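The structure appears below as structure tokens.
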Amino acid sequence: MPRTVLLAARPEPIAVVPEETALIVVDMQNAYLSPGGYIDLVGFDVGGSPPVIEEAARAIAACRGAGIPVIYLQNGFSADQREAGGPSAPVWHKSNALKFMRANEAYAGTLITHGTWDHAIVNPLAPQPGDIVVPKSRYSGFAGTGLEQILASRRIRTVLVAGVATNVCVESTIRDAYHREFFPVMVTDATMAAGPGAQEATEFNVEKFFGWLTTGAELRAALLNNQ
């Protein structure tokens with residue numbers, strides 16, 4: 001029988017079956033974490049990214065060691081921006097990267113564009129053989145992707161979530177996971193928000209309405225106890 005472990009979390013501990021758990025790593029790309037990336041260029045602070053990258057790396061390693069599948073979400077568009085849809089699509093108007101490229105011709109085709117440095121996952125977190133990479137072009141990892149089928153085919157019930165931005169793509173993915181009957185657990189110190197106060201706001205939303213909050217240390221302790 002699969003073993004259940006108790007994961008320390010807020011608002012209360014949650015029972016997790018490692019064999020029915022996946023780690024979703026959201027958009028840990030140069031665009032959102034690195035100086036010179038798109039988020040930096042449009043005026044958001046990325047100075048807090050190094051410890052978040054380090055904690056995410058530890059969570060990824062712990063999950064790989066426990067046999068928990070690691071699923072990377074990677075946000076971006078083709079060079080012709082076919083996924084953006086043009087002015088009839090909300091993302092065309094709300095994507096800061098698309099707006100910045102339209103306003104700054106020198107950056108056209110360089111931000112969250114497939115095959116570019118900006119689009120790439122940061123080197124310390126590079127996917128390894130056996131990991132799964134799911135491309136997406138909207139905030140939620142479930143929007144227009146095969147993520148739900150990937151999880152269902154593995155009989156996943158609990159999704160651990162790390163990544164960026166906490167208040168945008170992480171929260172969108174957690175909300176959609178909740179509405180698809182998955183149990184979302186956000187690894188708080190392996191996430192980073194865009195904008196002041198946004199981290200606290202998402203943590204409040206997740207704790208009160210959509211899931212559970214844990215830390216990298218609590219996750220590693222739970223997985224270690226399962227070995």
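Chain labels A, B, ... are given in the sequence in which chains occur in the structure tokens; within each chain residues are numbered consecutively from 1, and ligands are likewise numbered from 1 in the order shown.
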* Looking only at the backbone, which of the residues in stretch 10-210 of chain A does DSSP tag as strand (DSSP E or B), as a VMD selection string? -> chain A and resid 10 14 to 16 21 to 26 29 70 to 75 77 113 121 132 to 136 158 to 164 183 to 192
Just-selected residues, C-alpha atoms written as an mmCIF file, in the first residue's frame:
data_model
loop_
_atom_site.group_PDB
_atom_site.id
_atom_site.type_symbol
_atom_site.label_atom_id
_atom_site.label_comp_id
_atom_site.auth_asym_id
_atom_site.auth_seq_id
_atom_site.Cartn_x
_atom_site.Cartn_y
_atom_site.Cartn_z
ATOM 1 C CA ARG A 10 -1.032 26.054 6.774
ATOM 2 C CA ILE A 14 -2.129 17.790 4.893
ATOM 3 C CA ALA A 15 -1.801 14.060 4.269
ATOM 4 C CA VAL A 16 0.127 13.392 1.069
ATOM 5 C CA THR A 21 1.957 13.748 -5.947
ATOM 6 C CA ALA A 22 3.659 15.927 -8.574
ATOM 7 C CA LEU A 23 5.778 19.066 -8.334
ATOM 8 C CA ILE A 24 4.789 21.833 -10.737
ATOM 9 C CA VAL A 25 7.564 24.366 -11.357
ATOM 10 C CA VAL A 26 5.984 27.487 -12.812
ATOM 11 C CA GLN A 29 12.695 31.387 -16.693
ATOM 12 C CA VAL A 70 8.735 17.213 -11.760
ATOM 13 C CA ILE A 71 6.667 19.149 -14.289
ATOM 14 C CA TYR A 72 7.991 22.444 -15.633
ATOM 15 C CA LEU A 73 5.659 25.062 -17.044
ATOM 16 C CA GLN A 74 7.354 27.332 -19.574
ATOM 17 C CA ASN A 75 5.538 30.461 -20.659
ATOM 18 C CA PHE A 77 5.106 32.596 -27.636
ATOM 19 C CA THR A 113 9.869 34.051 -27.377
ATOM 20 C CA ILE A 121 14.525 28.099 -17.790
ATOM 21 C CA ILE A 132 8.265 16.967 -18.103
ATOM 22 C CA VAL A 133 8.125 20.394 -19.780
ATOM 23 C CA VAL A 134 4.705 21.831 -20.598
ATOM 24 C CA PRO A 135 4.701 24.928 -22.827
ATOM 25 C CA LYS A 136 1.977 27.477 -22.185
ATOM 26 C CA THR A 158 -1.700 16.480 -4.822
ATOM 27 C CA VAL A 159 0.210 19.161 -6.715
ATOM 28 C CA LEU A 160 3.119 20.914 -5.054
ATOM 29 C CA VAL A 161 3.607 24.300 -6.703
ATOM 30 C CA ALA A 162 6.739 26.467 -6.883
ATOM 31 C CA GLY A 163 7.707 29.250 -9.247
ATOM 32 C CA VAL A 164 6.866 32.740 -10.434
ATOM 33 C CA PHE A 183 -5.066 19.387 -3.823
ATOM 34 C CA PRO A 184 -2.680 22.351 -4.347
ATOM 35 C CA VAL A 185 0.191 22.990 -1.922
ATOM 36 C CA MET A 186 2.275 26.113 -2.556
ATOM 37 C CA VAL A 187 5.926 26.047 -1.467
ATOM 38 C CA THR A 188 6.075 29.620 -0.221
ATOM 39 C CA ASP A 189 9.833 30.221 -0.137
ATOM 40 C CA ALA A 190 10.217 28.740 -3.614
ATOM 41 C CA THR A 191 7.899 31.381 -5.073
ATOM 42 C CA MET A 192 8.327 35.082 -5.834
#
List every residue of stretch 28-81 of chain A that DSSP, applied to the backbone, labels as helix (DSSP H, G or I), and write the result as a tab-separated table (two decimals) with C-alpha atoms, in the first residue's frame.
chain	number	residue	atom	x	y	z
A	30	ASN	CA	15.21	34.16	-17.29
A	31	ALA	CA	12.26	36.36	-18.21
A	32	TYR	CA	10.99	36.35	-14.63
A	33	LEU	CA	14.09	35.79	-12.52
A	38	TYR	CA	11.42	40.83	-19.35
A	39	ILE	CA	10.11	41.36	-15.80
A	40	ASP	CA	13.20	43.40	-14.96
A	41	LEU	CA	12.89	45.44	-18.15
A	49	SER	CA	15.25	35.74	-7.05
A	50	PRO	CA	18.51	34.03	-5.91
A	51	PRO	CA	17.12	32.49	-2.69
A	52	VAL	CA	13.92	31.52	-4.50
A	53	ILE	CA	15.95	29.73	-7.18
A	54	GLU	CA	17.99	27.99	-4.49
A	55	GLU	CA	14.91	26.83	-2.59
A	56	ALA	CA	13.25	25.66	-5.78
A	57	ALA	CA	16.38	23.67	-6.65
A	58	ARG	CA	16.25	21.96	-3.27
A	59	ALA	CA	12.56	21.16	-3.68
A	60	ILE	CA	13.15	19.78	-7.17
A	61	ALA	CA	16.04	17.59	-5.99
A	62	ALA	CA	14.01	16.29	-3.05
A	63	CYS	CA	11.07	15.41	-5.27
A	64	ARG	CA	13.25	13.70	-7.84
A	65	GLY	CA	14.85	11.70	-5.04
* **Close residues, A:Ser95 itself excluded, 12 Å, only C-alpha atoms, min 2 positions apart in chain, as an MDAnalysis selection string** => chainID A and resid 38:39 42 75:77 81 84:87 89:93 97:102 111:112 137:139 168:169
So that I can see what lies close to A:Arg175, please list as a PDB file with C-alpha atoms, in the first residue's frame the residues with an atom at most 10 Å from it, counting only C-alpha atoms and leaving out residues fewer than 4 positions away in the same chain.
ATOM      1  CA  SER A 140      -2.588  29.191 -15.889  1.00  0.00           C
ATOM      2  CA  PHE A 142      -4.034  24.364 -17.407  1.00  0.00           C
ATOM      3  CA  CYS A 169       0.914  32.356 -13.017  1.00  0.00           C
ATOM      4  CA  VAL A 170       1.381  30.493  -9.729  1.00  0.00           C
ATOM      5  CA  GLU A 171      -1.937  31.628  -8.302  1.00  0.00           C
ATOM      6  CA  HIS A 179     -11.270  23.641  -9.595  1.00  0.00           C
ATOM      7  CA  ARG A 180     -10.120  20.395 -11.207  1.00  0.00           C
ATOM      8  CA  PHE A 182      -6.446  18.490  -7.255  1.00  0.00           C
ATOM      9  CA  PRO A 184      -2.680  22.351  -4.347  1.00  0.00           C
ATOM     10  CA  ASN A 205      -5.875  33.510  -0.883  1.00  0.00           C
ATOM     11  CA  VAL A 206      -4.300  30.059  -1.025  1.00  0.00           C
ATOM     12  CA  PHE A 209      -9.633  29.484  -0.160  1.00  0.00           C
ATOM     13  CA  PHE A 210      -7.634  27.366  -2.592  1.00  0.00           C
ATOM     14  CA  GLY A 211      -5.108  25.097  -0.907  1.00  0.00           C
TER      15      GLY A 211
END
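Taking atom CA of A:Leu7 as the reference point, atom CA of A:Ala66 is found at 14.1 Å.
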* Structure fact -> With distances taken over only C-alpha atoms, the candidate from A:Ile68, A:Ala79, A:Val122, A:Ala221 nearest A:Ser34 is A:Val122
* Using only C-alpha atoms, which residues sit within 12 Å of A:Glu12 once same-chain residues fewer than 4 positions away are excluded, as an MDAnalysis selection string? -> chainID A and resid 6:8 185 207:208 211:214
Selection export as a PDB file, in the first residue's frame, atoms kept: C-alpha atoms:
ATOM      1  CA  LEU A   6       1.867  14.224   6.915  1.00  0.00           C
ATOM      2  CA  LEU A   7       3.155  17.448   5.410  1.00  0.00           C
ATOM      3  CA  ALA A   8       3.389  20.417   7.765  1.00  0.00           C
ATOM      4  CA  VAL A 185       0.191  22.990  -1.922  1.00  0.00           C
ATOM      5  CA  GLU A 207      -4.439  29.450   2.725  1.00  0.00           C
ATOM      6  CA  LYS A 208      -8.028  30.624   3.085  1.00  0.00           C
ATOM      7  CA  GLY A 211      -5.108  25.097  -0.907  1.00  0.00           C
ATOM      8  CA  TRP A 212      -2.270  24.825   1.557  1.00  0.00           C
ATOM      9  CA  LEU A 213       1.050  26.545   2.213  1.00  0.00           C
ATOM     10  CA  THR A 214       4.278  24.784   3.119  1.00  0.00           C
TER      11      THR A 214
END
* Grab the atom CA of A:Arg3 to atom CA of A:Gly67 distance for me, in Å with one decimal place. =>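 Interatomic distance, atom CA of A:Arg3 to atom CA of A:Gly67: 13.0 Å.
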* **Separation of atom CA of A:Gly109 from atom CA of A:Ser78, in Å and rounded to one decimal** =>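 So the two atoms, atom CA of A:Gly109 and atom CA of A:Ser78, lie 8.6 Å apart.
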